[in-house]
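Q: Please read through the structure below; I'll follow up with questions.
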Protein chains: 2
Amino acid sequence: MKLLVVGSMALDTIETPFGKEENILGGSASYFSLAASMFTDVGIVAVVGKDFPESHLDLFRSKNIELEGVTREEGETFKWEGKYGYDLGDPDTLGTYLNVFENFNPVIPENYSNVDYVFLANIDPELQLSVLKQVKNPKLVACDTMNFWIDNKPQELKEVLKHVDILLINDSETRALAGEPRITIAARAVLDMGPKILIVKRGEYGALMFSRDSIFWAPSYPLEEVIDPTGAGDTFAGGFMGYIAGNDITTDPVGFKTAVVNGSVIASFTVENFSVRRLSNLTKEEISIRFAEFLKLSKVD
Amino acid sequence: MKLLVVGSMALDTIETPFGKEENILGGSASYFSLAASMFTDVGIVAVVGKDFPESHLDLFRSKNIELEGVTREEGETFKWEGKYGYDLGDPDTLGTYLNVFENFNPVIPENYSNVDYVFLANIDPELQLSVLKQVKNPKLVACDTMNFWIDNKPQELKEVLKHVDILLINDSETRALAGEPRITIAARAVLDMGPKILIVKRGEYGALMFSRDSIFWAPSYPLEEVIDPTGAGDTFAGGFMGYIAGNDITTDPVGFKTAVVNGSVIASFTVENFSVRRLSNLTKEEISIRFAEFLKLSKVD
């Protein structure tokens, strides 16, 4: 196994202008692993409840995603209810039920501990630190976080950032983390906290990748059919890290840029349907066709 | 003269997190013409009041901008007061004083009427139609508009759109004009109204250019020093149209894409200082250095 993700598996109830779906497969580790599986071997560490359908686990197994680190606990699975407005921008959260996720204590299976690439999805920074102690000598660690942790566990989060190579967050998280509204200055402040690379996810506006001496701007694919934006960011991270792990990239700048474009490409599929449906039947050929269209998008001649 | 702009000249009072400046030169025609003058010969049709400083007119003259169409009327110049918040996003309008602009009736001087390229800045669509009747046989007409006209003069605006080649508006205006939140579907609906090209300006997120069979995505330059975003959109339009007029472009796709990048480049300078200060001392060499950096931004290898 090349790539490990530690995050959530959830049952989401989601309403968009195009419909409402109840208790559909969601969670950062779900989107991430299915996206990454297009490029590499991936394993999940997560927790589910007694109500989590076995058919979802079969979906992961069908993509050769390793589930040894997924534990099933007494109680219900983590649930999230959200509603998107007319413009499909930030959703209103109608309900968050942590359930078994509340006591999530990630234990890395012994035969995962030598993994080369690690992604710490958006979980409590203390749990992220615990994972970092359990993996032996990864080549590259990336992580996500959110405003809640920036506000409530800043010290723990800053400790995490000292030990990760890549941070993937959105515009407002970048500004909040740095306490600075101007994105380039904020990015530099974040890089000073530890990560060698910062990727700022901007939804339909693409993504910016900052390193100490360069900036790369990737477009987002202008879509006809956006049905449900849920999971776009985790899919982006999965495509990005999957490409990196699958190609053993550690420092190559062109490799990182190609990975960003692959992240954007895969995310553009995810939002075309609810849950992971579009990811489930995605083919490598579809990815490479859209990858080529992507490069054309910002080409002048 | 190759390019005519019909729009506003204003005295702005602007507050940003970086300072407050009173009665500084503003207005769509001001930003547009100074940007366009980097690439071509441009003339203005606008109205100012008795209080409009002669030194501002001297600035335009120093850039060889023709002012025969600028009339000075009894009363005060159009004034706008705005305040930008922490993130330099959409400003709060603290005051709008139309003054002489309220009765603006654009009269195109006889020796402008054969002009090849025309830009109708954001003014009443009825006035835009009046200008269209006064120019004889332009090669290419572009226009801007805003939500106020989309809501209040939809019929007149749609009549304008039948006669323009290029529409430059922002994200929310595109969605409002089409009555459709998804930007690609909205863009197609707008193209059905008449324009052959739609440019969607997205501020710090760049610009999208749509034609019937293509999409081009231009980044915005990630800036260290954003001081005052006022005029970025009009500067973009000026750089875009200036490049097109200066190179006699009418259909060349690479020419249009290059023009979009030049628009973004020039806009990136405007926001580095209040008013038109940065535009006033901008050199062609600075533009070409940043143009090259721009192309590098979204280049994978």
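Ordering of the structure tokens sets the chain letters (A, B, ...), residue numbers begin anew at 1 in every chain, and ligands are numbered from 1 in the order given.
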Distance cut-off 7 Å, counting only C-alpha atoms - which residues of chain A neighbour chain B? Return them as a PyMOL selection string.
A: chain A and resi 86-87+181-182+184-185+205+215-219+222-224+254+257-258+297-298+300-301
Q: Can you give chain B as a short mmCIF file (atom, residue, chain, number, x, y, z; two decimals) with C-alpha atoms, in the first residue's frame after you superpose it on chain A, pairing all C-alpha atoms in order for the least-squares fit?
A:
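Listed below is the output, selection-v8.cif:
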data_model
loop_
_atom_site.label_atom_id
_atom_site.label_comp_id
_atom_site.auth_asym_id
_atom_site.auth_seq_id
_atom_site.Cartn_x
_atom_site.Cartn_y
_atom_site.Cartn_z
CA MET B 1 0.01 -0.01 -0.02
CA LYS B 2 1.38 3.36 -1.06
CA LEU B 3 -1.02 5.87 0.46
CA LEU B 4 -2.88 6.04 3.76
CA VAL B 5 -5.81 8.33 4.53
CA VAL B 6 -7.10 8.94 8.04
CA GLY B 7 -10.47 10.65 8.08
CA SER B 8 -14.21 10.26 8.24
CA MET B 9 -16.74 7.89 6.72
CA ALA B 10 -20.21 9.33 6.93
CA LEU B 11 -23.82 9.04 5.93
CA ASP B 12 -24.91 12.39 4.51
CA THR B 13 -28.34 13.85 3.91
CA ILE B 14 -28.00 16.49 1.25
CA GLU B 15 -30.36 18.88 -0.46
CA THR B 16 -29.36 20.89 -3.53
CA PRO B 17 -31.55 22.72 -6.07
CA PHE B 18 -31.49 19.44 -7.99
CA GLY B 19 -32.84 17.08 -5.36
CA LYS B 20 -32.55 15.66 -1.90
CA GLU B 21 -30.84 12.41 -0.94
CA GLU B 22 -30.83 10.79 2.49
CA ASN B 23 -28.10 8.79 4.20
CA ILE B 24 -25.82 8.60 1.19
CA LEU B 25 -22.15 7.66 1.43
CA GLY B 26 -19.98 10.63 2.42
CA GLY B 27 -17.00 11.57 4.54
CA SER B 28 -13.52 12.79 3.73
CA ALA B 29 -11.90 9.33 3.67
CA SER B 30 -14.58 8.03 1.30
CA TYR B 31 -14.12 10.72 -1.36
CA PHE B 32 -10.36 10.82 -0.88
CA SER B 33 -9.77 7.09 -1.20
CA LEU B 34 -12.02 6.58 -4.22
CA ALA B 35 -10.28 9.45 -6.02
CA ALA B 36 -6.79 8.28 -5.04
CA SER B 37 -7.59 4.71 -6.11
CA MET B 38 -7.58 5.89 -9.73
CA PHE B 39 -3.80 6.37 -9.41
CA THR B 40 -2.43 4.19 -6.61
CA ASP B 41 -3.04 1.65 -3.82
CA VAL B 42 -4.74 3.30 -0.91
CA GLY B 43 -5.85 2.27 2.58
CA ILE B 44 -8.28 3.88 5.00
CA VAL B 45 -8.23 4.38 8.76
CA ALA B 46 -11.71 5.43 9.89
CA VAL B 47 -14.63 4.38 12.06
CA VAL B 48 -18.18 3.45 11.14
CA GLY B 49 -21.26 2.46 13.17
CA LYS B 50 -23.47 -0.58 13.10
CA ASP B 51 -25.74 1.08 10.54
CA PHE B 52 -23.05 1.56 7.89
CA PRO B 53 -24.12 -0.53 4.88
CA GLU B 54 -21.83 -3.40 3.96
CA SER B 55 -22.48 -2.49 0.31
CA HIS B 56 -20.45 0.71 0.82
CA LEU B 57 -17.51 -1.32 2.10
CA ASP B 58 -17.90 -3.58 -0.94
CA LEU B 59 -17.58 -0.52 -3.18
CA PHE B 60 -14.20 0.31 -1.61
CA ARG B 61 -13.11 -3.32 -1.87
CA SER B 62 -14.02 -3.33 -5.56
CA LYS B 63 -11.49 -0.51 -6.03
CA ASN B 64 -8.81 -2.44 -4.11
CA ILE B 65 -8.97 0.03 -1.25
CA GLU B 66 -7.64 -1.57 1.95
CA LEU B 67 -10.06 -1.48 4.85
CA GLU B 68 -8.08 -3.18 7.64
CA GLY B 69 -7.98 0.20 9.44
CA VAL B 70 -11.75 0.70 9.29
CA THR B 71 -13.35 -0.30 12.59
CA ARG B 72 -17.04 -0.83 13.20
CA GLU B 73 -18.15 0.38 16.63
CA GLU B 74 -21.37 0.15 18.65
CA GLY B 75 -23.64 3.07 17.74
CA GLU B 76 -24.47 5.02 14.63
CA THR B 77 -22.19 6.28 11.88
CA PHE B 78 -21.18 9.96 11.70
CA LYS B 79 -24.00 11.87 10.00
CA TRP B 80 -24.12 15.27 8.34
CA GLU B 81 -27.10 17.12 6.91
CA GLY B 82 -26.53 20.04 4.58
CA LYS B 83 -28.47 22.20 2.19
CA TYR B 84 -27.08 24.13 -0.78
CA GLY B 85 -28.68 27.28 -2.14
CA TYR B 86 -29.29 28.49 -5.66
CA ASP B 87 -25.63 29.27 -6.40
CA LEU B 88 -24.29 25.97 -4.95
CA GLY B 89 -21.95 27.98 -2.71
CA ASP B 90 -21.20 27.18 0.95
CA PRO B 91 -23.99 24.93 2.28
CA ASP B 92 -26.04 25.50 5.41
CA THR B 93 -25.37 22.76 7.94
CA LEU B 94 -28.74 21.49 9.15
CA GLY B 95 -27.32 18.87 11.48
CA THR B 96 -24.05 17.26 12.56
CA TYR B 97 -24.24 13.98 14.49
CA LEU B 98 -20.76 12.77 15.39
CA ASN B 99 -21.99 9.45 16.84
CA VAL B 100 -19.11 6.90 16.74
CA PHE B 101 -16.83 9.55 15.23
CA GLU B 102 -16.91 11.45 18.54
CA ASN B 103 -14.58 8.91 20.14
CA PHE B 104 -12.54 8.18 17.02
CA ASN B 105 -9.06 7.13 18.07
CA PRO B 106 -7.16 6.26 14.91
CA VAL B 107 -5.05 3.14 15.28
CA ILE B 108 -2.72 2.49 12.36
CA PRO B 109 -2.56 -1.24 11.61
CA GLU B 110 0.97 -2.63 11.96
CA ASN B 111 1.31 -3.35 8.25
CA TYR B 112 0.30 0.22 7.34
CA SER B 113 2.96 1.81 9.55
CA ASN B 114 5.64 1.72 6.86
CA VAL B 115 3.46 3.56 4.34
CA ASP B 116 5.27 6.16 2.21
CA TYR B 117 2.46 8.69 1.69
CA VAL B 118 0.01 9.85 4.34
CA PHE B 119 -3.01 12.13 4.17
CA LEU B 120 -4.50 13.44 7.40
CA ALA B 121 -8.00 14.54 6.46
CA ASN B 122 -9.85 17.20 8.44
CA ILE B 123 -9.96 15.73 11.97
CA ASP B 124 -8.94 16.97 15.44
CA PRO B 125 -5.27 18.05 15.28
CA GLU B 126 -4.60 15.93 18.38
CA LEU B 127 -5.65 12.87 16.40
CA GLN B 128 -3.51 14.01 13.47
CA LEU B 129 -0.53 14.16 15.85
CA SER B 130 -1.34 10.69 17.16
CA VAL B 131 -1.28 9.33 13.59
CA LEU B 132 2.05 11.02 12.92
CA LYS B 133 3.52 9.19 15.91
CA GLN B 134 2.31 5.84 14.57
CA VAL B 135 3.71 6.03 11.04
CA LYS B 136 7.39 5.23 10.90
CA ASN B 137 9.15 7.12 8.17
CA PRO B 138 6.76 8.47 5.55
CA LYS B 139 8.23 10.14 2.47
CA LEU B 140 5.54 12.78 2.40
CA VAL B 141 2.69 13.79 4.69
CA ALA B 142 -0.19 16.09 3.68
CA CYS B 143 -3.04 17.35 5.77
CA ASP B 144 -6.29 19.29 5.71
CA THR B 145 -7.96 21.28 8.49
CA MET B 146 -10.86 23.70 8.99
CA ASN B 147 -11.76 26.99 10.69
CA PHE B 148 -13.12 25.13 13.74
CA TRP B 149 -9.65 23.76 14.57
CA ILE B 150 -7.90 27.00 13.61
CA ASP B 151 -10.08 28.77 16.17
CA ASN B 152 -10.26 26.12 18.87
CA LYS B 153 -7.02 24.16 18.80
CA PRO B 154 -4.47 26.57 17.30
CA GLN B 155 -1.51 25.25 19.32
CA GLU B 156 -2.14 21.60 18.46
CA LEU B 157 -2.70 22.53 14.80
CA LYS B 158 0.57 24.46 14.67
CA GLU B 159 2.35 21.44 16.12
CA VAL B 160 0.85 19.32 13.30
CA LEU B 161 1.98 21.85 10.69
CA LYS B 162 5.60 21.53 11.85
CA HIS B 163 5.50 17.91 10.75
CA VAL B 164 3.61 17.97 7.47
CA ASP B 165 5.00 18.60 3.99
CA ILE B 166 1.82 19.78 2.31
CA LEU B 167 -1.22 21.60 3.65
CA LEU B 168 -4.44 21.65 1.59
CA ILE B 169 -7.03 24.18 2.78
CA ASN B 170 -9.41 26.71 1.29
CA ASP B 171 -9.20 30.49 0.84
CA SER B 172 -10.88 31.52 4.09
CA GLU B 173 -8.95 28.94 6.12
CA THR B 174 -5.68 30.27 4.70
CA ARG B 175 -6.64 33.82 5.66
CA ALA B 176 -7.80 32.74 9.13
CA LEU B 177 -4.71 30.64 9.83
CA ALA B 178 -2.39 33.50 8.88
CA GLY B 179 -4.57 36.30 10.27
CA GLU B 180 -4.01 38.14 6.98
CA PRO B 181 -6.51 38.83 4.18
CA ARG B 182 -4.08 39.10 1.27
CA ILE B 183 -3.70 35.59 -0.05
CA THR B 184 -0.04 35.73 -1.14
CA ILE B 185 1.11 37.22 2.16
CA ALA B 186 -1.10 34.78 4.05
CA ALA B 187 0.39 31.90 2.04
CA ARG B 188 3.93 32.91 2.94
CA ALA B 189 2.99 33.08 6.63
CA VAL B 190 1.51 29.57 6.43
CA LEU B 191 4.65 28.22 4.76
CA ASP B 192 6.62 29.70 7.67
CA MET B 193 4.62 27.42 9.99
CA GLY B 194 6.19 24.29 8.48
CA PRO B 195 4.68 22.98 5.24
CA LYS B 196 6.86 23.16 2.14
CA ILE B 197 3.79 23.40 -0.06
CA LEU B 198 0.45 25.08 0.52
CA ILE B 199 -2.47 24.32 -1.76
CA VAL B 200 -5.34 26.76 -1.53
CA LYS B 201 -8.55 25.16 -2.80
CA ARG B 202 -10.98 27.69 -4.26
CA GLY B 203 -13.87 25.56 -5.45
CA GLU B 204 -15.17 26.68 -8.83
CA TYR B 205 -12.30 29.17 -9.02
CA GLY B 206 -9.60 26.51 -9.11
CA ALA B 207 -6.58 26.08 -6.87
CA LEU B 208 -3.35 27.87 -6.09
CA MET B 209 -0.19 25.96 -5.13
CA PHE B 210 2.42 27.95 -3.23
CA SER B 211 5.96 26.89 -2.45
CA ARG B 212 8.66 29.15 -1.09
CA ASP B 213 9.76 30.24 -4.55
CA SER B 214 6.83 29.61 -6.88
CA ILE B 215 3.11 29.93 -7.45
CA PHE B 216 1.05 27.65 -9.68
CA TRP B 217 -2.54 28.45 -10.66
CA ALA B 218 -4.83 25.63 -11.74
CA PRO B 219 -8.25 26.36 -13.20
CA SER B 220 -11.36 24.53 -12.14
CA TYR B 221 -13.26 22.92 -14.96
CA PRO B 222 -16.28 25.08 -15.95
CA LEU B 223 -19.02 22.50 -15.64
CA GLU B 224 -22.41 22.23 -17.26
CA GLU B 225 -23.71 19.78 -14.71
CA VAL B 226 -23.05 20.60 -11.08
CA ILE B 227 -25.48 18.60 -9.00
CA ASP B 228 -23.86 18.36 -5.56
CA PRO B 229 -20.57 20.05 -4.58
CA THR B 230 -20.12 17.88 -1.46
CA GLY B 231 -16.76 16.12 -1.36
CA ALA B 232 -15.09 18.21 -4.08
CA GLY B 233 -12.26 19.28 -1.75
CA ASP B 234 -11.59 15.77 -0.45
CA THR B 235 -11.75 14.40 -3.99
CA PHE B 236 -9.24 17.05 -5.07
CA ALA B 237 -6.93 15.97 -2.24
CA GLY B 238 -7.38 12.31 -3.22
CA GLY B 239 -6.57 12.91 -6.87
CA PHE B 240 -3.60 15.07 -5.91
CA MET B 241 -2.11 12.66 -3.36
CA GLY B 242 -3.04 9.60 -5.41
CA TYR B 243 -1.10 10.92 -8.39
CA ILE B 244 1.87 11.83 -6.18
CA ALA B 245 1.98 8.45 -4.44
CA GLY B 246 1.36 6.53 -7.67
CA ASN B 247 4.31 8.27 -9.32
CA ASP B 248 6.59 8.34 -6.26
CA ILE B 249 6.90 12.12 -6.35
CA THR B 250 8.68 13.84 -3.49
CA THR B 251 10.20 17.04 -4.88
CA ASP B 252 9.57 17.24 -8.67
CA PRO B 253 7.82 20.58 -9.40
CA VAL B 254 6.24 19.40 -12.67
CA GLY B 255 4.99 16.32 -10.82
CA PHE B 256 3.31 18.46 -8.17
CA LYS B 257 1.69 20.70 -10.80
CA THR B 258 0.44 17.68 -12.73
CA ALA B 259 -0.96 16.34 -9.46
CA VAL B 260 -2.87 19.60 -8.84
CA VAL B 261 -4.42 19.38 -12.31
CA ASN B 262 -5.37 15.75 -11.69
CA GLY B 263 -6.95 16.79 -8.39
CA SER B 264 -9.03 19.43 -10.17
CA VAL B 265 -9.99 16.99 -12.91
CA ILE B 266 -11.25 14.34 -10.52
CA ALA B 267 -13.09 16.89 -8.37
CA SER B 268 -14.88 18.09 -11.50
CA PHE B 269 -16.41 14.63 -11.90
CA THR B 270 -17.45 14.26 -8.25
CA VAL B 271 -19.80 17.26 -8.33
CA GLU B 272 -21.67 15.89 -11.34
CA ASN B 273 -23.76 13.64 -9.10
CA PHE B 274 -24.70 13.08 -5.46
CA SER B 275 -22.33 11.23 -3.13
CA VAL B 276 -19.53 9.20 -4.73
CA ARG B 277 -21.68 8.00 -7.63
CA ARG B 278 -19.67 9.63 -10.36
CA LEU B 279 -16.39 8.52 -8.76
CA SER B 280 -17.64 4.94 -8.55
CA ASN B 281 -17.90 4.47 -12.31
CA LEU B 282 -15.15 6.84 -13.43
CA THR B 283 -12.63 5.48 -15.92
CA LYS B 284 -8.99 6.33 -16.50
CA GLU B 285 -9.86 7.28 -20.04
CA GLU B 286 -12.43 9.85 -18.89
CA ILE B 287 -9.79 11.33 -16.61
CA SER B 288 -7.22 11.66 -19.35
CA ILE B 289 -9.68 13.21 -21.81
CA ARG B 290 -10.67 15.87 -19.27
CA PHE B 291 -7.02 16.35 -18.24
CA ALA B 292 -6.23 17.32 -21.84
CA GLU B 293 -9.22 19.71 -21.97
CA PHE B 294 -8.02 21.22 -18.71
CA LEU B 295 -4.61 22.10 -20.09
CA LYS B 296 -6.27 23.68 -23.12
CA LEU B 297 -8.44 25.91 -20.90
CA SER B 298 -5.65 28.28 -19.91
CA LYS B 299 -3.50 27.94 -23.01
CA VAL B 300 -3.12 31.14 -25.01
CA ASP B 301 -1.86 29.66 -28.27
#
Q: Extract the full set of strand (DSSP E) residues from segment 46-269 of chain A according to DSSP on the backbone, and format it as JSON, numbers by chain.
A: {"A": [46, 47, 48, 66, 67, 68, 69, 70, 71, 72, 78, 79, 80, 81, 82, 83, 92, 93, 94, 95, 96, 97, 117, 118, 119, 120, 140, 141, 142, 143, 166, 167, 168, 169, 170, 197, 198, 199, 200, 201, 207, 208, 209, 210, 211, 214, 215, 216, 217, 218]}
Q: Go ahead and dump the residues you just picked, C-alpha atoms, as a short mmCIF file (atom, residue, chain, number, x, y, z; two decimals), in the first residue's frame.
A:
data_model
loop_
_atom_site.label_atom_id
_atom_site.label_comp_id
_atom_site.auth_asym_id
_atom_site.auth_seq_id
_atom_site.Cartn_x
_atom_site.Cartn_y
_atom_site.Cartn_z
CA ALA A 46 -11.70 5.42 9.90
CA VAL A 47 -14.63 4.37 12.08
CA VAL A 48 -18.19 3.46 11.15
CA GLU A 66 -7.65 -1.57 1.95
CA LEU A 67 -10.07 -1.49 4.86
CA GLU A 68 -8.07 -3.17 7.63
CA GLY A 69 -7.98 0.18 9.44
CA VAL A 70 -11.75 0.69 9.29
CA THR A 71 -13.33 -0.31 12.59
CA ARG A 72 -17.03 -0.84 13.19
CA PHE A 78 -21.18 9.95 11.70
CA LYS A 79 -24.00 11.85 10.00
CA TRP A 80 -24.13 15.24 8.34
CA GLU A 81 -27.10 17.11 6.92
CA GLY A 82 -26.53 20.03 4.60
CA LYS A 83 -28.47 22.19 2.20
CA ASP A 92 -26.03 25.49 5.44
CA THR A 93 -25.37 22.74 7.96
CA LEU A 94 -28.76 21.48 9.18
CA GLY A 95 -27.32 18.86 11.50
CA THR A 96 -24.04 17.25 12.58
CA TYR A 97 -24.25 13.98 14.52
CA TYR A 117 2.47 8.70 1.68
CA VAL A 118 0.00 9.86 4.33
CA PHE A 119 -3.01 12.14 4.16
CA LEU A 120 -4.50 13.45 7.40
CA LEU A 140 5.53 12.77 2.41
CA VAL A 141 2.67 13.80 4.70
CA ALA A 142 -0.19 16.08 3.69
CA CYS A 143 -3.07 17.36 5.79
CA ILE A 166 1.81 19.79 2.31
CA LEU A 167 -1.23 21.62 3.64
CA LEU A 168 -4.44 21.66 1.58
CA ILE A 169 -7.03 24.18 2.78
CA ASN A 170 -9.41 26.72 1.28
CA ILE A 197 3.79 23.39 -0.06
CA LEU A 198 0.44 25.09 0.52
CA ILE A 199 -2.47 24.33 -1.75
CA VAL A 200 -5.34 26.76 -1.54
CA LYS A 201 -8.56 25.17 -2.81
CA ALA A 207 -6.59 26.09 -6.88
CA LEU A 208 -3.35 27.88 -6.08
CA MET A 209 -0.21 25.98 -5.14
CA PHE A 210 2.42 27.96 -3.23
CA SER A 211 5.96 26.90 -2.46
CA SER A 214 6.83 29.60 -6.89
CA ILE A 215 3.10 29.92 -7.46
CA PHE A 216 1.05 27.64 -9.69
CA TRP A 217 -2.53 28.45 -10.68
CA ALA A 218 -4.83 25.63 -11.75
#
Q: Out of segment 57-294 of chain B, which residues get alpha helix (DSSP H) from DSSP, as number ranges by chain?
A: B: 57-62, 125-134, 147-152, 154-161, 171-178, 183-191, 232-246, 253-270, 277-280, 284-294
